[in-house]
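Visitor: Before we start, here is the structure in question, set down as structure tokens.
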Amino acid sequence: MKKAMKIAALVIGVLFLGVIGYTLYLFSLVTETVNRIHNPTEESEKNETQISSVDPMSVLVLGIDGRSDEGISGRSDTMMLITLNPNEESIKMMSIPRDTRAEIVGHGTMEKINHAYAYGGPKMAVDSVEKLLNVPINHYVSLDMEGFKRLVDALDGILVDNEYEFSSHNHIYHFPEGEQILNGEEALAYTRTRKEDPHGIAGRDARQREVVESMMKEGSQFSTILRIEEILDILGDSVQTDLTLGEIWDYQSKIRSSIGTMDEIQMEYDGAILDDGLWYAIVSDEEISQIRREFREHLGLDD
């Protein structure tokens, strides 16, 4: 009996050491990946000492498109403002139409807001959105589109609930009505489709928010740990952010329960072709004021 107990204790000890060793290995991988993707701006370096994990925080999420259009490449094809309030355990999210006419801060022009990233990287994108909405942005996260596809595939696809049947990209992709699992290529097409959508840009932006929320839910599942090495490799190649490892851990643990119950805000606008011959989304001053009040209230700021 004593011999059996000793053997059992030895086996348990070896397994325990193995778990500890693998945990330390994963932690080192996470730390290495965060160090690779960490790319702070001057403003975010200042804010690191001013924000704690109990304070509300705002993040600008940028999906970067390497394709060249209108003579400009490297634009932010997707722009989303997300605010997190740990005290309320709540999240608000809003898509900013990429064609929104806005001042490009630091470039001295009024044009499509998605050009800001191409001209001046995350800093110019953050500055331009702050100027448009009068909402402070604490951090940014950017993800290139190739990395987006790889990440969806690494998660074994994402679940979406399509409101209406449609096809896109010359009928290469077909999306029936209802719930379905999308792979990386399909998810990218799903988020980019506009002309085939009866709601146009608004429909595309709603699908982009749905996909981001689905990825966040899938990424928060325990089963994701089984694919963590592949996911970290993709993130290291495709993501840039000024968030630190400590901030990522703190906010993820406090906001996890809110994923799946996000409050989505819809930006209303009118479309117009201006003198330069380009189509713009024109957001009224009244709409900007309403958006500003909602986000600033969520961040605990005076309007």
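Letters for chains follow the order of the structure tokens (A, B, ...), residue numbers begin at 1 for each chain, and ligand numbers begin at 1 in the order shown.
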For Glu185 (chain A), work out the shell of residues within 12 Å, counting only C-alpha atoms and skipping chain neighbours fewer than 6 positions away, then give it as number ranges by chain.
Guide: A: 145-153, 157-158, 169, 172-174, 191-192
Visitor: Limited to all heavy atoms, could you put the picked residues into a file as a short mmCIF file (atom, residue, chain, number, x, y, z; two decimals), in the first residue's frame?
Guide:
data_model
loop_
_atom_site.label_atom_id
_atom_site.label_comp_id
_atom_site.auth_asym_id
_atom_site.auth_seq_id
_atom_site.Cartn_x
_atom_site.Cartn_y
_atom_site.Cartn_z
N MET A 145 -5.60 42.56 -42.67
CA MET A 145 -6.66 41.67 -43.14
C MET A 145 -6.20 40.24 -43.35
O MET A 145 -6.96 39.29 -43.15
CB MET A 145 -7.27 42.22 -44.44
CG MET A 145 -8.02 43.54 -44.26
SD MET A 145 -9.48 43.39 -43.18
CE MET A 145 -8.84 44.00 -41.62
N GLU A 146 -4.95 40.03 -43.73
CA GLU A 146 -4.43 38.67 -43.87
C GLU A 146 -4.38 38.00 -42.50
O GLU A 146 -4.72 36.81 -42.36
CB GLU A 146 -3.04 38.69 -44.50
CG GLU A 146 -2.48 37.31 -44.81
CD GLU A 146 -3.34 36.52 -45.78
OE1 GLU A 146 -3.94 37.14 -46.69
OE2 GLU A 146 -3.41 35.28 -45.64
N GLY A 147 -3.96 38.75 -41.49
CA GLY A 147 -3.95 38.22 -40.13
C GLY A 147 -5.34 37.92 -39.63
O GLY A 147 -5.56 36.95 -38.89
N PHE A 148 -6.31 38.75 -40.04
CA PHE A 148 -7.71 38.52 -39.65
C PHE A 148 -8.18 37.16 -40.16
O PHE A 148 -8.77 36.38 -39.42
CB PHE A 148 -8.58 39.64 -40.23
CG PHE A 148 -10.06 39.38 -40.17
CD1 PHE A 148 -10.78 39.64 -39.02
CD2 PHE A 148 -10.74 38.87 -41.27
CE1 PHE A 148 -12.14 39.39 -38.96
CE2 PHE A 148 -12.10 38.63 -41.23
CZ PHE A 148 -12.79 38.89 -40.06
N LYS A 149 -7.90 36.86 -41.42
CA LYS A 149 -8.31 35.56 -41.98
C LYS A 149 -7.66 34.40 -41.24
O LYS A 149 -8.31 33.41 -40.90
CB LYS A 149 -7.97 35.50 -43.47
CG LYS A 149 -8.77 36.44 -44.36
CD LYS A 149 -8.53 36.17 -45.82
CE LYS A 149 -7.10 36.44 -46.24
NZ LYS A 149 -6.89 36.27 -47.70
N ARG A 150 -6.37 34.53 -40.99
CA ARG A 150 -5.64 33.46 -40.29
C ARG A 150 -6.17 33.27 -38.88
O ARG A 150 -6.26 32.14 -38.38
CB ARG A 150 -4.15 33.79 -40.25
CG ARG A 150 -3.45 33.74 -41.59
CD ARG A 150 -2.01 34.21 -41.45
NE ARG A 150 -1.26 33.38 -40.50
CZ ARG A 150 -0.13 33.79 -39.90
NH1 ARG A 150 0.34 35.00 -40.11
NH2 ARG A 150 0.48 32.98 -39.06
N LEU A 151 -6.52 34.38 -38.22
CA LEU A 151 -7.00 34.29 -36.85
C LEU A 151 -8.36 33.59 -36.78
O LEU A 151 -8.60 32.75 -35.90
CB LEU A 151 -7.10 35.69 -36.25
CG LEU A 151 -7.42 35.79 -34.76
CD1 LEU A 151 -6.42 35.01 -33.93
CD2 LEU A 151 -7.46 37.25 -34.31
N VAL A 152 -9.26 33.91 -37.71
CA VAL A 152 -10.56 33.25 -37.75
C VAL A 152 -10.38 31.75 -37.97
O VAL A 152 -11.03 30.92 -37.32
CB VAL A 152 -11.45 33.85 -38.86
CG1 VAL A 152 -12.72 33.02 -39.05
CG2 VAL A 152 -11.83 35.29 -38.51
N ASP A 153 -9.48 31.38 -38.87
CA ASP A 153 -9.23 29.96 -39.12
C ASP A 153 -8.63 29.28 -37.89
O ASP A 153 -8.97 28.12 -37.57
CB ASP A 153 -8.30 29.78 -40.32
CG ASP A 153 -8.98 30.07 -41.65
OD1 ASP A 153 -10.23 29.96 -41.71
OD2 ASP A 153 -8.28 30.43 -42.62
N GLY A 157 -13.13 28.96 -37.08
CA GLY A 157 -14.29 29.67 -37.60
C GLY A 157 -15.02 30.45 -36.53
O GLY A 157 -14.77 30.29 -35.33
N ILE A 158 -15.93 31.31 -36.96
CA ILE A 158 -16.73 32.11 -36.04
C ILE A 158 -18.21 31.97 -36.39
O ILE A 158 -18.58 31.76 -37.55
CB ILE A 158 -16.33 33.60 -36.08
CG1 ILE A 158 -16.42 34.15 -37.51
CG2 ILE A 158 -14.95 33.79 -35.48
CD1 ILE A 158 -16.23 35.64 -37.58
N HIS A 169 -18.98 39.21 -54.12
CA HIS A 169 -17.78 38.96 -54.91
C HIS A 169 -18.11 38.07 -56.13
O HIS A 169 -17.54 37.00 -56.31
CB HIS A 169 -16.68 38.32 -54.06
CG HIS A 169 -16.19 39.21 -52.95
ND1 HIS A 169 -16.95 39.49 -51.82
CD2 HIS A 169 -15.02 39.86 -52.79
CE1 HIS A 169 -16.27 40.27 -51.01
NE2 HIS A 169 -15.09 40.53 -51.58
N ILE A 172 -19.08 34.40 -55.64
CA ILE A 172 -18.10 33.44 -55.11
C ILE A 172 -18.52 32.99 -53.71
O ILE A 172 -18.37 31.81 -53.35
CB ILE A 172 -16.69 34.08 -55.08
CG1 ILE A 172 -16.20 34.37 -56.49
CG2 ILE A 172 -15.70 33.16 -54.33
CD1 ILE A 172 -14.87 35.08 -56.54
N TYR A 173 -19.05 33.93 -52.94
CA TYR A 173 -19.47 33.63 -51.57
C TYR A 173 -20.99 33.76 -51.47
O TYR A 173 -21.57 34.72 -52.01
CB TYR A 173 -18.81 34.58 -50.57
CG TYR A 173 -17.30 34.55 -50.64
CD1 TYR A 173 -16.60 35.55 -51.31
CD2 TYR A 173 -16.58 33.52 -50.05
CE1 TYR A 173 -15.21 35.52 -51.38
CE2 TYR A 173 -15.19 33.48 -50.11
CZ TYR A 173 -14.52 34.48 -50.78
OH TYR A 173 -13.15 34.45 -50.86
N HIS A 174 -21.59 32.81 -50.79
CA HIS A 174 -23.05 32.84 -50.58
C HIS A 174 -23.33 32.68 -49.09
O HIS A 174 -22.80 31.78 -48.44
CB HIS A 174 -23.72 31.71 -51.36
CG HIS A 174 -25.21 31.67 -51.16
ND1 HIS A 174 -26.06 32.59 -51.74
CD2 HIS A 174 -25.99 30.84 -50.41
CE1 HIS A 174 -27.30 32.31 -51.38
NE2 HIS A 174 -27.28 31.26 -50.56
N THR A 191 -17.62 40.66 -44.03
CA THR A 191 -17.46 42.00 -43.44
C THR A 191 -17.24 43.09 -44.48
O THR A 191 -17.41 44.27 -44.18
CB THR A 191 -16.26 42.02 -42.46
OG1 THR A 191 -15.05 41.69 -43.18
CG2 THR A 191 -16.46 41.04 -41.33
N ARG A 192 -16.87 42.70 -45.69
CA ARG A 192 -16.56 43.70 -46.72
C ARG A 192 -17.74 43.99 -47.65
O ARG A 192 -17.74 45.01 -48.34
CB ARG A 192 -15.37 43.23 -47.55
CG ARG A 192 -14.03 43.54 -46.92
CD ARG A 192 -12.89 43.07 -47.80
NE ARG A 192 -11.63 43.67 -47.39
CZ ARG A 192 -10.44 43.24 -47.77
NH1 ARG A 192 -10.35 42.20 -48.57
NH2 ARG A 192 -9.35 43.85 -47.36
#
Visitor: Could you please write out, as a PyMOL selection string, every residue of region 55-106 of chain A that DSSP assigns to strand (DSSP E)?
Guide: chain A and resi 57-65+75-85+90-95+101-104
Visitor: Kindly export the residues of the current selection with N, CA and C atoms, as an mmCIF file, in the first residue's frame.
Guide:
data_model
loop_
_atom_site.group_PDB
_atom_site.id
_atom_site.type_symbol
_atom_site.label_atom_id
_atom_site.label_comp_id
_atom_site.auth_asym_id
_atom_site.auth_seq_id
_atom_site.Cartn_x
_atom_site.Cartn_y
_atom_site.Cartn_z
ATOM 1 N N MET A 57 -12.073 52.777 -20.144
ATOM 2 C CA MET A 57 -11.038 52.905 -21.165
ATOM 3 C C MET A 57 -11.668 52.881 -22.549
ATOM 4 N N SER A 58 -11.065 53.618 -23.472
ATOM 5 C CA SER A 58 -11.524 53.626 -24.857
ATOM 6 C C SER A 58 -10.422 53.074 -25.757
ATOM 7 N N VAL A 59 -10.841 52.314 -26.781
ATOM 8 C CA VAL A 59 -9.896 51.688 -27.714
ATOM 9 C C VAL A 59 -10.398 51.896 -29.140
ATOM 10 N N LEU A 60 -9.519 52.340 -30.020
ATOM 11 C CA LEU A 60 -9.839 52.432 -31.442
ATOM 12 C C LEU A 60 -9.303 51.178 -32.120
ATOM 13 N N VAL A 61 -10.204 50.398 -32.729
ATOM 14 C CA VAL A 61 -9.830 49.166 -33.420
ATOM 15 C C VAL A 61 -9.764 49.447 -34.915
ATOM 16 N N LEU A 62 -8.642 49.085 -35.532
ATOM 17 C CA LEU A 62 -8.397 49.389 -36.935
ATOM 18 C C LEU A 62 -8.110 48.106 -37.717
ATOM 19 N N GLY A 63 -8.888 47.865 -38.763
ATOM 20 C CA GLY A 63 -8.610 46.762 -39.683
ATOM 21 C C GLY A 63 -7.906 47.335 -40.895
ATOM 22 N N ILE A 64 -6.648 46.956 -41.113
ATOM 23 C CA ILE A 64 -5.814 47.603 -42.125
ATOM 24 C C ILE A 64 -5.860 46.838 -43.437
ATOM 25 N N ASP A 65 -6.151 47.578 -44.506
ATOM 26 C CA ASP A 65 -6.269 47.017 -45.846
ATOM 27 C C ASP A 65 -5.051 47.437 -46.657
ATOM 28 N N ARG A 75 -4.853 51.769 -45.842
ATOM 29 C CA ARG A 75 -5.906 52.502 -45.127
ATOM 30 C C ARG A 75 -6.571 51.606 -44.099
ATOM 31 N N SER A 76 -7.295 52.238 -43.190
ATOM 32 C CA SER A 76 -8.057 51.475 -42.194
ATOM 33 C C SER A 76 -9.420 51.143 -42.778
ATOM 34 N N ASP A 77 -9.544 49.939 -43.312
ATOM 35 C CA ASP A 77 -10.777 49.492 -43.947
ATOM 36 C C ASP A 77 -11.908 49.391 -42.925
ATOM 37 N N THR A 78 -11.544 49.075 -41.683
ATOM 38 C CA THR A 78 -12.500 48.989 -40.579
ATOM 39 C C THR A 78 -12.046 49.903 -39.454
ATOM 40 N N MET A 79 -12.979 50.675 -38.906
ATOM 41 C CA MET A 79 -12.680 51.531 -37.759
ATOM 42 C C MET A 79 -13.811 51.373 -36.747
ATOM 43 N N MET A 80 -13.455 50.998 -35.523
ATOM 44 C CA MET A 80 -14.449 50.835 -34.469
ATOM 45 C C MET A 80 -13.962 51.495 -33.192
ATOM 46 N N LEU A 81 -14.849 52.213 -32.546
ATOM 47 C CA LEU A 81 -14.562 52.768 -31.230
ATOM 48 C C LEU A 81 -15.238 51.876 -30.198
ATOM 49 N N ILE A 82 -14.442 51.375 -29.250
ATOM 50 C CA ILE A 82 -14.956 50.515 -28.184
ATOM 51 C C ILE A 82 -14.609 51.149 -26.844
ATOM 52 N N THR A 83 -15.586 51.280 -25.967
ATOM 53 C CA THR A 83 -15.329 51.759 -24.612
ATOM 54 C C THR A 83 -15.675 50.651 -23.620
ATOM 55 N N LEU A 84 -14.835 50.521 -22.600
ATOM 56 C CA LEU A 84 -15.002 49.482 -21.582
ATOM 57 C C LEU A 84 -15.093 50.156 -20.219
ATOM 58 N N ASN A 85 -16.109 49.794 -19.449
ATOM 59 C CA ASN A 85 -16.288 50.334 -18.108
ATOM 60 C C ASN A 85 -16.268 49.180 -17.114
ATOM 61 N N SER A 90 -19.475 46.791 -18.471
ATOM 62 C CA SER A 90 -20.214 47.034 -19.704
ATOM 63 C C SER A 90 -19.264 47.469 -20.817
ATOM 64 N N ILE A 91 -19.713 47.222 -22.043
ATOM 65 C CA ILE A 91 -18.943 47.563 -23.241
ATOM 66 C C ILE A 91 -19.868 48.254 -24.234
ATOM 67 N N LYS A 92 -19.384 49.331 -24.849
ATOM 68 C CA LYS A 92 -20.097 49.983 -25.947
ATOM 69 C C LYS A 92 -19.202 49.930 -27.185
ATOM 70 N N MET A 93 -19.820 49.763 -28.341
ATOM 71 C CA MET A 93 -19.062 49.615 -29.583
ATOM 72 C C MET A 93 -19.787 50.335 -30.711
ATOM 73 N N MET A 94 -19.011 51.058 -31.539
ATOM 74 C CA MET A 94 -19.598 51.772 -32.676
ATOM 75 C C MET A 94 -18.655 51.702 -33.874
ATOM 76 N N SER A 95 -19.200 51.375 -35.033
ATOM 77 C CA SER A 95 -18.439 51.432 -36.282
ATOM 78 C C SER A 95 -18.401 52.864 -36.780
ATOM 79 N N ARG A 101 -16.528 61.850 -43.870
ATOM 80 C CA ARG A 101 -15.729 63.056 -44.155
ATOM 81 C C ARG A 101 -15.318 63.685 -42.833
ATOM 82 N N ALA A 102 -14.019 63.886 -42.674
ATOM 83 C CA ALA A 102 -13.513 64.403 -41.398
ATOM 84 C C ALA A 102 -12.190 65.109 -41.628
ATOM 85 N N GLU A 103 -11.805 65.891 -40.643
ATOM 86 C CA GLU A 103 -10.491 66.526 -40.688
ATOM 87 C C GLU A 103 -9.422 65.475 -40.386
ATOM 88 N N ILE A 104 -8.413 65.398 -41.234
ATOM 89 C CA ILE A 104 -7.291 64.494 -40.995
ATOM 90 C C ILE A 104 -6.247 65.294 -40.216
#
Visitor: CA of Pro56 (chain A) and CA of Glu218 (chain A) are how many Å apart?
Guide: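 Separating CA of Pro56 (chain A) from CA of Glu218 (chain A) is a distance of 23.5 Å.
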Visitor: I need the residue nearest Asp156 (chain A) from this list: A:Val126, A:Arg98, A:Val135, A:Glu230. Use only C-alpha atoms for the distance.
Guide: A:Glu230
Visitor: In Å, rounded to a single decimal, give me how far CA of Arg209 (chain A) is from CA of Pro176 (chain A).
Guide: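 Between CA of Pro176 (chain A) and CA of Arg209 (chain A) the gap is 18.8 Å.
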Visitor: Would you mind listing what lies within 7 Å of region 236-248 of chain A as a ChimeraX atom specification, with only C-alpha atoms counted and same-chain residues fewer than 6 positions away left out?
Guide: /A:33-34,36-41,44,53,139-144,147
Visitor: Just the residues within 12 Å of Gln290 (chain A), please, counting only C-alpha atoms, with nothing from its chain fewer than 3 positions along; format it as a list in words.
Guide: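 The contact residues come out as Leu133, Asn134, Val135, Ile265, Gln266, Met267, Glu268, Val283, Ser284, Asp285, Glu286, Glu287, Arg293, Glu294, Phe295, Arg296, Glu297 and Asp303 of chain A.
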Visitor: Using only C-alpha atoms, pick whichever of A:Glu163, A:Glu186, A:Asp99, A:Glu177 has the shortest atom-to-atom distance to Ala272 (chain A).
Guide: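 Smallest distance to Ala272 (chain A) is found for A:Asp99.
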